[in-house]
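One file, protein.cif, carrying mmCIF, N, CA and C atoms:
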```
data_query
loop_
_atom_site.label_atom_id
_atom_site.label_comp_id
_atom_site.auth_asym_id
_atom_site.auth_seq_id
_atom_site.Cartn_x
_atom_site.Cartn_y
_atom_site.Cartn_z
N VAL A 1 121.99 63.15 174.26
CA VAL A 1 122.87 63.77 173.27
C VAL A 1 123.08 65.23 173.63
N GLN A 2 124.32 65.64 173.71
CA GLN A 2 124.64 67.03 173.97
C GLN A 2 125.53 67.56 172.87
N LEU A 3 125.26 68.78 172.46
CA LEU A 3 126.03 69.43 171.41
C LEU A 3 126.67 70.69 171.98
N GLN A 4 127.91 70.91 171.63
CA GLN A 4 128.63 72.08 172.11
C GLN A 4 129.21 72.82 170.92
N ALA A 5 128.62 73.97 170.62
CA ALA A 5 129.12 74.78 169.51
C ALA A 5 130.19 75.74 170.01
N SER A 6 131.18 75.97 169.19
CA SER A 6 132.27 76.88 169.56
C SER A 6 132.89 77.47 168.30
N GLY A 7 133.75 78.45 168.51
CA GLY A 7 134.50 79.03 167.41
C GLY A 7 134.05 80.40 166.96
N GLY A 8 132.96 80.88 167.51
CA GLY A 8 132.49 82.21 167.13
C GLY A 8 133.44 83.29 167.60
N GLY A 9 133.22 84.47 167.08
CA GLY A 9 134.07 85.59 167.48
C GLY A 9 133.86 86.78 166.57
N LEU A 10 134.81 87.70 166.66
CA LEU A 10 134.77 88.92 165.85
C LEU A 10 135.73 88.77 164.67
N VAL A 11 135.24 89.04 163.49
CA VAL A 11 136.08 88.94 162.29
C VAL A 11 135.73 90.10 161.36
N GLN A 12 136.70 90.52 160.59
CA GLN A 12 136.45 91.59 159.63
C GLN A 12 135.76 91.03 158.39
N ALA A 13 134.99 91.87 157.75
CA ALA A 13 134.35 91.47 156.49
C ALA A 13 135.43 90.98 155.53
N GLY A 14 135.12 89.87 154.87
CA GLY A 14 136.08 89.26 153.96
C GLY A 14 136.93 88.20 154.62
N GLY A 15 136.87 88.14 155.92
CA GLY A 15 137.67 87.18 156.66
C GLY A 15 137.03 85.81 156.74
N SER A 16 137.69 84.93 157.49
CA SER A 16 137.25 83.54 157.62
C SER A 16 137.20 83.13 159.08
N LEU A 17 136.39 82.13 159.33
CA LEU A 17 136.28 81.57 160.67
C LEU A 17 135.74 80.16 160.54
N ARG A 18 136.12 79.30 161.47
CA ARG A 18 135.57 77.95 161.46
C ARG A 18 134.85 77.67 162.77
N LEU A 19 133.62 77.27 162.66
CA LEU A 19 132.84 76.87 163.81
C LEU A 19 132.94 75.36 163.99
N SER A 20 132.86 74.93 165.23
CA SER A 20 132.88 73.51 165.53
C SER A 20 131.65 73.16 166.36
N CYS A 21 131.21 71.94 166.21
CA CYS A 21 130.08 71.44 166.99
C CYS A 21 130.46 70.05 167.47
N ALA A 22 130.72 69.93 168.75
CA ALA A 22 131.15 68.66 169.33
C ALA A 22 129.96 67.93 169.94
N PHE A 23 129.89 66.65 169.68
CA PHE A 23 128.79 65.81 170.14
C PHE A 23 129.23 64.91 171.28
N SER A 24 128.30 64.64 172.17
CA SER A 24 128.60 63.75 173.28
C SER A 24 128.16 62.32 173.00
N SER A 25 127.33 62.12 172.00
CA SER A 25 126.72 60.82 171.79
C SER A 25 127.66 59.86 171.06
N VAL A 26 127.64 58.61 171.48
CA VAL A 26 128.44 57.59 170.81
C VAL A 26 127.84 57.21 169.47
N THR A 27 126.58 57.59 169.25
CA THR A 27 125.92 57.29 167.98
C THR A 27 125.92 58.50 167.06
N PHE A 28 126.86 59.39 167.28
CA PHE A 28 126.96 60.62 166.50
C PHE A 28 126.92 60.36 165.00
N SER A 29 127.59 59.31 164.56
CA SER A 29 127.73 59.04 163.13
C SER A 29 126.42 58.70 162.47
N SER A 30 125.37 58.47 163.25
CA SER A 30 124.07 58.14 162.67
C SER A 30 123.17 59.36 162.52
N TYR A 31 123.62 60.53 162.98
CA TYR A 31 122.79 61.73 162.95
C TYR A 31 123.12 62.62 161.76
N ASP A 32 122.10 63.15 161.12
CA ASP A 32 122.30 64.28 160.22
C ASP A 32 122.48 65.53 161.09
N VAL A 33 123.26 66.46 160.59
CA VAL A 33 123.55 67.67 161.38
C VAL A 33 123.31 68.91 160.53
N GLY A 34 122.74 69.90 161.15
CA GLY A 34 122.52 71.17 160.47
C GLY A 34 123.08 72.33 161.26
N TRP A 35 123.41 73.38 160.57
CA TRP A 35 123.75 74.66 161.19
C TRP A 35 122.65 75.65 160.85
N PHE A 36 122.22 76.37 161.85
CA PHE A 36 121.24 77.42 161.70
C PHE A 36 121.81 78.69 162.32
N ARG A 37 121.22 79.82 161.99
CA ARG A 37 121.66 81.06 162.61
C ARG A 37 120.47 81.96 162.86
N GLN A 38 120.66 82.84 163.82
CA GLN A 38 119.62 83.79 164.15
C GLN A 38 120.25 85.13 164.50
N ALA A 39 119.90 86.12 163.73
CA ALA A 39 120.37 87.47 163.98
C ALA A 39 119.34 88.20 164.83
N PRO A 40 119.74 89.22 165.55
CA PRO A 40 118.80 89.96 166.39
C PRO A 40 117.61 90.47 165.60
N GLY A 41 116.40 90.20 166.09
CA GLY A 41 115.20 90.67 165.44
C GLY A 41 114.77 89.87 164.22
N LYS A 42 115.52 88.81 163.94
CA LYS A 42 115.19 88.00 162.77
C LYS A 42 114.86 86.57 163.19
N GLU A 43 114.22 85.86 162.28
CA GLU A 43 113.90 84.47 162.55
C GLU A 43 115.13 83.59 162.35
N ARG A 44 115.11 82.46 163.01
CA ARG A 44 116.17 81.47 162.81
C ARG A 44 116.13 80.98 161.36
N GLU A 45 117.28 80.85 160.77
CA GLU A 45 117.32 80.42 159.37
C GLU A 45 118.34 79.31 159.16
N PHE A 46 118.05 78.49 158.20
CA PHE A 46 118.93 77.39 157.83
C PHE A 46 120.20 77.93 157.19
N VAL A 47 121.31 77.28 157.49
CA VAL A 47 122.59 77.66 156.89
C VAL A 47 123.16 76.51 156.07
N ALA A 48 123.31 75.35 156.71
CA ALA A 48 123.94 74.22 156.02
C ALA A 48 123.54 72.91 156.69
N HIS A 49 123.64 71.84 155.92
CA HIS A 49 123.30 70.50 156.40
C HIS A 49 124.29 69.49 155.85
N VAL A 50 124.60 68.49 156.67
CA VAL A 50 125.40 67.36 156.20
C VAL A 50 124.74 66.09 156.69
N ASN A 51 124.68 65.10 155.82
CA ASN A 51 124.05 63.86 156.24
C ASN A 51 125.01 63.03 157.09
N TRP A 52 124.54 61.90 157.59
CA TRP A 52 125.29 61.13 158.57
C TRP A 52 126.64 60.65 158.04
N SER A 53 126.71 60.38 156.72
CA SER A 53 127.94 59.85 156.15
C SER A 53 128.78 60.91 155.46
N ALA A 54 128.33 62.14 155.49
CA ALA A 54 129.01 63.26 154.81
C ALA A 54 129.00 63.12 153.30
N SER A 55 128.11 62.31 152.78
CA SER A 55 128.02 62.14 151.33
C SER A 55 127.08 63.16 150.69
N VAL A 56 126.27 63.82 151.51
CA VAL A 56 125.31 64.79 151.01
C VAL A 56 125.39 66.06 151.85
N THR A 57 125.45 67.19 151.18
CA THR A 57 125.42 68.48 151.87
C THR A 57 124.42 69.40 151.18
N HIS A 58 123.90 70.32 151.94
CA HIS A 58 123.00 71.35 151.42
C HIS A 58 123.37 72.68 152.05
N TYR A 59 123.13 73.74 151.29
CA TYR A 59 123.46 75.08 151.78
C TYR A 59 122.34 76.06 151.45
N ALA A 60 122.21 77.03 152.29
CA ALA A 60 121.35 78.16 151.96
C ALA A 60 121.97 78.93 150.80
N HIS A 61 121.14 79.52 149.99
CA HIS A 61 121.65 80.26 148.83
C HIS A 61 122.59 81.38 149.25
N SER A 62 122.32 81.96 150.38
CA SER A 62 123.10 83.12 150.83
C SER A 62 124.53 82.76 151.22
N VAL A 63 124.80 81.47 151.47
CA VAL A 63 126.14 81.09 151.90
C VAL A 63 126.82 80.14 150.94
N LYS A 64 126.09 79.67 149.96
CA LYS A 64 126.66 78.69 149.03
C LYS A 64 127.86 79.28 148.31
N GLY A 65 128.92 78.49 148.29
CA GLY A 65 130.16 78.95 147.67
C GLY A 65 131.10 79.64 148.64
N ARG A 66 130.59 80.02 149.80
CA ARG A 66 131.43 80.68 150.81
C ARG A 66 131.60 79.81 152.05
N PHE A 67 130.58 79.05 152.40
CA PHE A 67 130.62 78.20 153.59
C PHE A 67 130.75 76.74 153.18
N THR A 68 131.42 75.97 154.02
CA THR A 68 131.55 74.54 153.80
C THR A 68 131.28 73.80 155.09
N ILE A 69 130.35 72.86 155.05
CA ILE A 69 130.07 72.03 156.21
C ILE A 69 130.79 70.69 156.02
N SER A 70 131.34 70.18 157.10
CA SER A 70 132.02 68.90 157.06
C SER A 70 131.88 68.24 158.42
N ARG A 71 132.26 66.98 158.47
CA ARG A 71 132.19 66.28 159.74
C ARG A 71 133.31 65.27 159.84
N ASP A 72 133.72 65.03 161.06
CA ASP A 72 134.72 64.02 161.37
C ASP A 72 134.07 63.09 162.39
N ASN A 73 133.55 61.99 161.92
CA ASN A 73 132.84 61.08 162.82
C ASN A 73 133.77 60.46 163.86
N ALA A 74 135.03 60.36 163.54
CA ALA A 74 135.98 59.81 164.51
C ALA A 74 136.17 60.75 165.69
N LYS A 75 135.96 62.04 165.44
CA LYS A 75 136.12 63.05 166.50
C LYS A 75 134.77 63.55 167.01
N ASN A 76 133.69 62.97 166.51
CA ASN A 76 132.34 63.39 166.93
C ASN A 76 132.16 64.91 166.77
N THR A 77 132.60 65.42 165.65
CA THR A 77 132.57 66.87 165.47
C THR A 77 132.11 67.22 164.06
N VAL A 78 131.32 68.27 163.98
CA VAL A 78 130.92 68.85 162.71
C VAL A 78 131.50 70.26 162.64
N TYR A 79 131.93 70.65 161.45
CA TYR A 79 132.56 71.95 161.26
C TYR A 79 131.76 72.78 160.26
N LEU A 80 131.89 74.08 160.42
CA LEU A 80 131.35 75.01 159.42
C LEU A 80 132.45 76.00 159.12
N GLN A 81 133.08 75.82 157.98
CA GLN A 81 134.12 76.74 157.52
C GLN A 81 133.44 77.90 156.81
N MET A 82 133.69 79.10 157.28
CA MET A 82 133.04 80.28 156.73
C MET A 82 134.10 81.21 156.15
N ASN A 83 134.01 81.44 154.86
CA ASN A 83 134.94 82.32 154.16
C ASN A 83 134.21 83.52 153.57
N ALA A 84 134.96 84.52 153.21
CA ALA A 84 134.39 85.72 152.58
C ALA A 84 133.20 86.24 153.38
N LEU A 85 133.41 86.36 154.67
CA LEU A 85 132.31 86.74 155.55
C LEU A 85 131.82 88.16 155.26
N LYS A 86 130.52 88.31 155.44
CA LYS A 86 129.86 89.59 155.20
C LYS A 86 129.19 90.06 156.49
N PRO A 87 128.96 91.34 156.64
CA PRO A 87 128.27 91.82 157.85
C PRO A 87 126.93 91.13 158.06
N GLU A 88 126.25 90.78 156.98
CA GLU A 88 124.94 90.11 157.11
C GLU A 88 125.04 88.66 157.60
N ASP A 89 126.26 88.13 157.71
CA ASP A 89 126.44 86.80 158.27
C ASP A 89 126.45 86.83 159.80
N ALA A 90 126.53 88.00 160.37
CA ALA A 90 126.58 88.12 161.82
C ALA A 90 125.30 87.57 162.44
N ALA A 91 125.47 86.69 163.41
CA ALA A 91 124.33 86.04 164.05
C ALA A 91 124.85 85.11 165.13
N VAL A 92 123.93 84.53 165.86
CA VAL A 92 124.27 83.40 166.73
C VAL A 92 124.05 82.14 165.90
N TYR A 93 125.08 81.33 165.85
CA TYR A 93 125.03 80.10 165.06
C TYR A 93 124.78 78.91 165.98
N TYR A 94 123.85 78.08 165.54
CA TYR A 94 123.48 76.90 166.30
C TYR A 94 123.70 75.64 165.46
N CYS A 95 124.22 74.61 166.08
CA CYS A 95 124.25 73.32 165.42
C CYS A 95 123.13 72.46 166.00
N ALA A 96 122.64 71.56 165.18
CA ALA A 96 121.52 70.73 165.59
C ALA A 96 121.65 69.35 164.96
N ALA A 97 121.09 68.36 165.63
CA ALA A 97 121.17 66.99 165.15
C ALA A 97 119.77 66.41 164.99
N ALA A 98 119.62 65.64 163.93
CA ALA A 98 118.35 64.97 163.65
C ALA A 98 118.51 63.48 163.85
N SER A 99 117.69 62.92 164.71
CA SER A 99 117.80 61.49 164.99
C SER A 99 117.00 60.65 164.00
N SER A 100 116.08 61.27 163.30
CA SER A 100 115.29 60.55 162.30
C SER A 100 115.75 60.94 160.91
N ALA A 101 115.49 60.09 159.97
CA ALA A 101 115.90 60.35 158.60
C ALA A 101 115.18 61.59 158.06
N LEU A 102 115.93 62.42 157.37
CA LEU A 102 115.37 63.62 156.76
C LEU A 102 115.02 63.33 155.31
N ASP A 103 113.86 63.81 154.91
CA ASP A 103 113.43 63.62 153.52
C ASP A 103 113.94 64.80 152.71
N PHE A 104 114.98 64.56 151.93
CA PHE A 104 115.58 65.66 151.18
C PHE A 104 114.63 66.20 150.12
N SER A 105 113.79 65.35 149.59
CA SER A 105 112.84 65.78 148.56
C SER A 105 111.83 66.78 149.11
N LYS A 106 111.64 66.77 150.42
CA LYS A 106 110.72 67.70 151.07
C LYS A 106 111.48 68.83 151.78
N TYR A 107 112.78 68.89 151.53
CA TYR A 107 113.62 69.94 152.11
C TYR A 107 113.54 69.93 153.64
N ASP A 108 113.47 68.73 154.20
CA ASP A 108 113.40 68.62 155.65
C ASP A 108 114.60 69.30 156.32
N TYR A 109 115.74 69.30 155.64
CA TYR A 109 116.95 69.85 156.25
C TYR A 109 116.82 71.35 156.50
N TRP A 110 115.90 72.04 155.86
CA TRP A 110 115.66 73.45 156.09
C TRP A 110 114.85 73.70 157.37
N ASN A 111 114.15 72.68 157.79
CA ASN A 111 113.14 72.84 158.83
C ASN A 111 113.73 72.57 160.21
N PHE A 112 113.87 73.61 161.01
CA PHE A 112 114.50 73.41 162.32
C PHE A 112 113.69 72.46 163.20
N ALA A 113 112.40 72.30 162.92
CA ALA A 113 111.58 71.39 163.74
C ALA A 113 111.94 69.93 163.52
N LYS A 114 112.68 69.64 162.46
CA LYS A 114 113.08 68.26 162.18
C LYS A 114 114.31 67.84 162.98
N TYR A 115 114.91 68.79 163.67
CA TYR A 115 116.11 68.50 164.44
C TYR A 115 115.76 68.36 165.91
N ASP A 116 116.27 67.32 166.54
CA ASP A 116 115.87 66.98 167.91
C ASP A 116 116.78 67.59 168.97
N TYR A 117 118.04 67.77 168.64
CA TYR A 117 119.01 68.21 169.65
C TYR A 117 119.72 69.47 169.15
N TRP A 118 119.92 70.38 170.08
CA TRP A 118 120.50 71.69 169.73
C TRP A 118 121.64 72.05 170.67
N GLY A 119 122.63 72.69 170.08
CA GLY A 119 123.69 73.26 170.89
C GLY A 119 123.28 74.61 171.43
N GLN A 120 124.15 75.20 172.20
CA GLN A 120 123.81 76.44 172.89
C GLN A 120 124.03 77.68 172.03
N GLY A 121 124.68 77.55 170.92
CA GLY A 121 124.93 78.69 170.05
C GLY A 121 126.28 79.32 170.28
N THR A 122 126.84 79.84 169.21
CA THR A 122 128.09 80.58 169.29
C THR A 122 127.93 81.80 168.39
N GLU A 123 128.39 82.93 168.88
CA GLU A 123 128.09 84.20 168.22
C GLU A 123 129.18 84.62 167.25
N LEU A 124 128.77 85.03 166.08
CA LEU A 124 129.67 85.58 165.08
C LEU A 124 129.35 87.05 164.89
N THR A 125 130.38 87.87 164.99
CA THR A 125 130.26 89.29 164.71
C THR A 125 131.17 89.62 163.54
N VAL A 126 130.65 90.31 162.57
CA VAL A 126 131.43 90.67 161.39
C VAL A 126 131.48 92.19 161.29
N SER A 127 132.67 92.74 161.34
CA SER A 127 132.82 94.19 161.24
C SER A 127 133.04 94.59 159.79
N SER A 128 132.45 95.70 159.42
CA SER A 128 132.56 96.16 158.03
C SER A 128 133.73 97.11 157.85
#
```
This entry written out as structure tokens:
Amino acid sequence: VQLQASGGGLVQAGGSLRLSCAFSSVTFSSYDVGWFRQAPGKEREFVAHVNWSASVTHYAHSVKGRFTISRDNAKNTVYLQMNALKPEDAAVYYCAAASSALDFSKYDYWNFAKYDYWGQGTELTVSS
């Protein structure tokens, strides 16, 4: 399984951007997918999660209401629509896939160790 994240760039505060994560696997539709980010000097943090059927999503409190995760299983792609961007959203964004079922009651989707496959990251810069 290979993941290719793209769509990062420079945007002004208040602006929007959409990240994409393309999968190589034919079994893409069976994977839960998460987006994580890591800013310089900070730990990697959870951003958003979508389950295999797109029937369940989760968001970090810091992005809820501004970011939307979605997926198109026919295109083997997961998206992260980011609106009302803030300077604190600047980071390298990574998409990741989980091959095993995530236990939502245990907040597994927050835990980067639960994800088996990772993309290379795409960088978002937000100017104030």
Students should find that atom N of Asp72 of chain A and atom N of Trp52 of chain A are spaced 10.3 Å
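Relative to atom N of Val1 of chain A, atom CA of Thr68 of chain A is found at 25.3 Å.
Taking atom C of Arg66 of chain A and atom N of Ala48 of chain A as endpoints, the distance between them is 10.5 Å.
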Residue IDs satisfying the PyMOL selection byres (((chain A and resi 73-75 and name CA) around 9) and name CA), as JSON, numbers by chain: {"A": [22, 23, 28, 29, 52, 53, 71, 72, 76, 77, 78]}
Distance cut-off 5 Å, centre (131.5, 81.8, 164.8) in file coordinates, counting all atoms listed in the file: which residues qualify? Return them as a compact mmCIF listing (two decimals) with N, CA and C atoms, in the frame of the given file.
```
# COMPACT_ATOMS: atom_id res chain seq x y z
N GLY A 7 133.75 78.45 168.51
CA GLY A 7 134.50 79.03 167.41
C GLY A 7 134.05 80.40 166.96
N GLY A 8 132.96 80.88 167.51
CA GLY A 8 132.49 82.21 167.13
C GLY A 8 133.44 83.29 167.60
N GLY A 9 133.22 84.47 167.08
CA GLY A 9 134.07 85.59 167.48
C GLY A 9 133.86 86.78 166.57
N GLU A 123 128.39 82.93 168.88
CA GLU A 123 128.09 84.20 168.22
C GLU A 123 129.18 84.62 167.25
N LEU A 124 128.77 85.03 166.08
CA LEU A 124 129.67 85.58 165.08
C LEU A 124 129.35 87.05 164.89
```
Please identify the helix (DSSP H, G or I) residues within chain A (assignment by DSSP from backbone atoms) and present them as a list in words. Phe28, Ser29, Ser30, Pro87, Glu88, Asp89, Phe104, Ser105, Lys106, Asp108, Tyr109, Trp110, Phe112, Ala113 and Lys114 of chain A
Of A:Val47, A:Ser70, A:Ala39, A:Gly121, the one nearest to Glu88 of chain A when counting only N, CA and C atoms is A:Ala39
Using all atoms listed in the file, find each residue of segment 65-125 of chain A with at least one atom at most 6 Å away from an atom of segment 30-35 of chain A; report its shortest atom-to-atom pair and that distance in Å (one decimal), sort the rows by chain and rising residue number, and return the result as a Markdown table.
```
| residue | atom | partner | partner_atom | distance |
| --- | --- | --- | --- | --- |
| A:Tyr94 | C | A:Trp35 | CA | 4.4 |
| A:Cys95 | CA | A:Gly34 | C | 4.4 |
| A:Ala96 | C | A:Gly34 | N | 4.0 |
| A:Ala97 | CA | A:Asp32 | C | 4.5 |
| A:Ala98 | N | A:Asp32 | C | 4.0 |
| A:Ser99 | CA | A:Tyr31 | CA | 5.4 |
```
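When you apply the PyMOL selection byres ((chain A and resi 84) around 8) to this structure, what comes back is Gln12, Ala13, Gly14, Gly15, Ser16, Leu17, Gly65, Arg66, Phe67, Gln81, Met82, Asn83, Leu85, Lys86 and Pro87 of chain A.
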From a backbone DSSP assignment, name each residue in segment 14-81 of chain A labelled strand (DSSP E or B), as a ChimeraX atom specification. /A:17-23,32-38,45-50,57-59,64,67-72,77-81
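Using only C-alpha atoms, the nearest neighbour of Gln120 of chain A within the list A:Leu10, A:Ala91, A:Val63, A:Cys21 is A:Cys21.
Among the candidate residues A:Val126, A:Ala101, A:Ala60, A:Ala90, the one lying nearest to Gln38 of chain A is A:Ala90, with distances computed using only C-alpha atoms.
Minimum atom-to-atom distance to Ser25 of chain A, evaluated using only N, CA and C atoms, belongs to A:Gln2 out of A:Val11, A:Ser55, A:Gln2, A:Glu45.
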Counting only C-alpha atoms, find residues at most 10 Å from (118.0, 75.2, 156.3) (file frame) and give them as number ranges by chain. A: 34-37, 44-49, 58-61, 107-112
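The smallest atom-to-atom distance between Leu3 of chain A and any of A:Pro40, A:Gly119, A:Ser105, A:Thr125, using only N, CA and C atoms, is found for A:Gly119.
If only C-alpha atoms are the atoms counted, then among A:Ser20, A:Gln4, A:Ser128, A:Thr27 the closest residue to Ile69 of chain A is A:Ser20.
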Quick one: segment 35-63 of chain A with N, CA and C atoms, as a PDB file, in the first residue's frame?
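Below is the file result-v9.pdb, written as the result:
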```
ATOM      1  N   TRP A  35      -5.802  11.832   8.965  1.00  0.00           N
ATOM      2  CA  TRP A  35      -4.852  12.903   8.674  1.00  0.00           C
ATOM      3  C   TRP A  35      -4.220  13.328   9.990  1.00  0.00           C
ATOM      4  N   PHE A  36      -2.926  13.479   9.963  1.00  0.00           N
ATOM      5  CA  PHE A  36      -2.167  13.964  11.096  1.00  0.00           C
ATOM      6  C   PHE A  36      -1.312  15.135  10.623  1.00  0.00           C
ATOM      7  N   ARG A  37      -0.818  15.910  11.560  1.00  0.00           N
ATOM      8  CA  ARG A  37       0.073  17.002  11.183  1.00  0.00           C
ATOM      9  C   ARG A  37       1.166  17.152  12.218  1.00  0.00           C
ATOM     10  N   GLN A  38       2.260  17.727  11.761  1.00  0.00           N
ATOM     11  CA  GLN A  38       3.381  17.971  12.657  1.00  0.00           C
ATOM     12  C   GLN A  38       4.025  19.298  12.300  1.00  0.00           C
ATOM     13  N   ALA A  39       4.013  20.186  13.253  1.00  0.00           N
ATOM     14  CA  ALA A  39       4.650  21.485  13.080  1.00  0.00           C
ATOM     15  C   ALA A  39       6.078  21.399  13.624  1.00  0.00           C
ATOM     16  N   PRO A  40       6.959  22.258  13.171  1.00  0.00           N
ATOM     17  CA  PRO A  40       8.342  22.232  13.646  1.00  0.00           C
ATOM     18  C   PRO A  40       8.425  22.334  15.159  1.00  0.00           C
ATOM     19  N   GLY A  41       9.163  21.420  15.777  1.00  0.00           N
ATOM     20  CA  GLY A  41       9.344  21.447  17.219  1.00  0.00           C
ATOM     21  C   GLY A  41       8.176  20.910  18.022  1.00  0.00           C
ATOM     22  N   LYS A  42       7.165  20.426  17.311  1.00  0.00           N
ATOM     23  CA  LYS A  42       5.995  19.897  18.005  1.00  0.00           C
ATOM     24  C   LYS A  42       5.793  18.425  17.678  1.00  0.00           C
ATOM     25  N   GLU A  43       4.999  17.774  18.505  1.00  0.00           N
ATOM     26  CA  GLU A  43       4.691  16.377  18.267  1.00  0.00           C
ATOM     27  C   GLU A  43       3.641  16.244  17.173  1.00  0.00           C
ATOM     28  N   ARG A  44       3.645  15.099  16.543  1.00  0.00           N
ATOM     29  CA  ARG A  44       2.606  14.795  15.555  1.00  0.00           C
ATOM     30  C   ARG A  44       1.248  14.750  16.258  1.00  0.00           C
ATOM     31  N   GLU A  45       0.257  15.325  15.631  1.00  0.00           N
ATOM     32  CA  GLU A  45      -1.061  15.357  16.250  1.00  0.00           C
ATOM     33  C   GLU A  45      -2.149  14.936  15.274  1.00  0.00           C
ATOM     34  N   PHE A  46      -3.180  14.366  15.829  1.00  0.00           N
ATOM     35  CA  PHE A  46      -4.326  13.933  15.048  1.00  0.00           C
ATOM     36  C   PHE A  46      -5.085  15.139  14.524  1.00  0.00           C
ATOM     37  N   VAL A  47      -5.591  15.016  13.310  1.00  0.00           N
ATOM     38  CA  VAL A  47      -6.398  16.079  12.716  1.00  0.00           C
ATOM     39  C   VAL A  47      -7.814  15.586  12.420  1.00  0.00           C
ATOM     40  N   ALA A  48      -7.908  14.497  11.655  1.00  0.00           N
ATOM     41  CA  ALA A  48      -9.225  14.013  11.245  1.00  0.00           C
ATOM     42  C   ALA A  48      -9.141  12.539  10.866  1.00  0.00           C
ATOM     43  N   HIS A  49     -10.290  11.884  10.935  1.00  0.00           N
ATOM     44  CA  HIS A  49     -10.394  10.466  10.602  1.00  0.00           C
ATOM     45  C   HIS A  49     -11.695  10.204   9.859  1.00  0.00           C
ATOM     46  N   VAL A  50     -11.634   9.277   8.915  1.00  0.00           N
ATOM     47  CA  VAL A  50     -12.848   8.812   8.247  1.00  0.00           C
ATOM     48  C   VAL A  50     -12.793   7.297   8.183  1.00  0.00           C
ATOM     49  N   ASN A  51     -13.914   6.665   8.459  1.00  0.00           N
ATOM     50  CA  ASN A  51     -13.905   5.207   8.414  1.00  0.00           C
ATOM     51  C   ASN A  51     -13.999   4.718   6.978  1.00  0.00           C
ATOM     52  N   TRP A  52     -13.942   3.412   6.787  1.00  0.00           N
ATOM     53  CA  TRP A  52     -13.820   2.826   5.460  1.00  0.00           C
ATOM     54  C   TRP A  52     -15.000   3.183   4.553  1.00  0.00           C
ATOM     55  N   SER A  53     -16.194   3.338   5.154  1.00  0.00           N
ATOM     56  CA  SER A  53     -17.388   3.601   4.349  1.00  0.00           C
ATOM     57  C   SER A  53     -17.775   5.077   4.326  1.00  0.00           C
ATOM     58  N   ALA A  54     -17.000   5.901   4.986  1.00  0.00           N
ATOM     59  CA  ALA A  54     -17.285   7.343   5.090  1.00  0.00           C
ATOM     60  C   ALA A  54     -18.542   7.627   5.899  1.00  0.00           C
ATOM     61  N   SER A  55     -18.981   6.679   6.683  1.00  0.00           N
ATOM     62  CA  SER A  55     -20.168   6.882   7.501  1.00  0.00           C
ATOM     63  C   SER A  55     -19.829   7.496   8.861  1.00  0.00           C
ATOM     64  N   VAL A  56     -18.552   7.463   9.224  1.00  0.00           N
ATOM     65  CA  VAL A  56     -18.110   7.987  10.517  1.00  0.00           C
ATOM     66  C   VAL A  56     -16.888   8.875  10.314  1.00  0.00           C
ATOM     67  N   THR A  57     -16.919  10.040  10.919  1.00  0.00           N
ATOM     68  CA  THR A  57     -15.757  10.933  10.890  1.00  0.00           C
ATOM     69  C   THR A  57     -15.483  11.444  12.301  1.00  0.00           C
ATOM     70  N   HIS A  58     -14.244  11.790  12.525  1.00  0.00           N
ATOM     71  CA  HIS A  58     -13.827  12.388  13.792  1.00  0.00           C
ATOM     72  C   HIS A  58     -12.853  13.516  13.492  1.00  0.00           C
ATOM     73  N   TYR A  59     -12.866  14.512  14.362  1.00  0.00           N
ATOM     74  CA  TYR A  59     -11.994  15.666  14.174  1.00  0.00           C
ATOM     75  C   TYR A  59     -11.349  16.077  15.493  1.00  0.00           C
ATOM     76  N   ALA A  60     -10.182  16.620  15.385  1.00  0.00           N
ATOM     77  CA  ALA A  60      -9.576  17.270  16.535  1.00  0.00           C
ATOM     78  C   ALA A  60     -10.384  18.521  16.867  1.00  0.00           C
ATOM     79  N   HIS A  61     -10.420  18.864  18.128  1.00  0.00           N
ATOM     80  CA  HIS A  61     -11.201  20.032  18.547  1.00  0.00           C
ATOM     81  C   HIS A  61     -10.718  21.301  17.848  1.00  0.00           C
ATOM     82  N   SER A  62      -9.444  21.364  17.592  1.00  0.00           N
ATOM     83  CA  SER A  62      -8.865  22.578  17.018  1.00  0.00           C
ATOM     84  C   SER A  62      -9.287  22.825  15.575  1.00  0.00           C
ATOM     85  N   VAL A  63      -9.791  21.783  14.894  1.00  0.00           N
ATOM     86  CA  VAL A  63     -10.158  21.956  13.492  1.00  0.00           C
ATOM     87  C   VAL A  63     -11.634  21.715  13.233  1.00  0.00           C
TER      88      VAL A  63
END
```
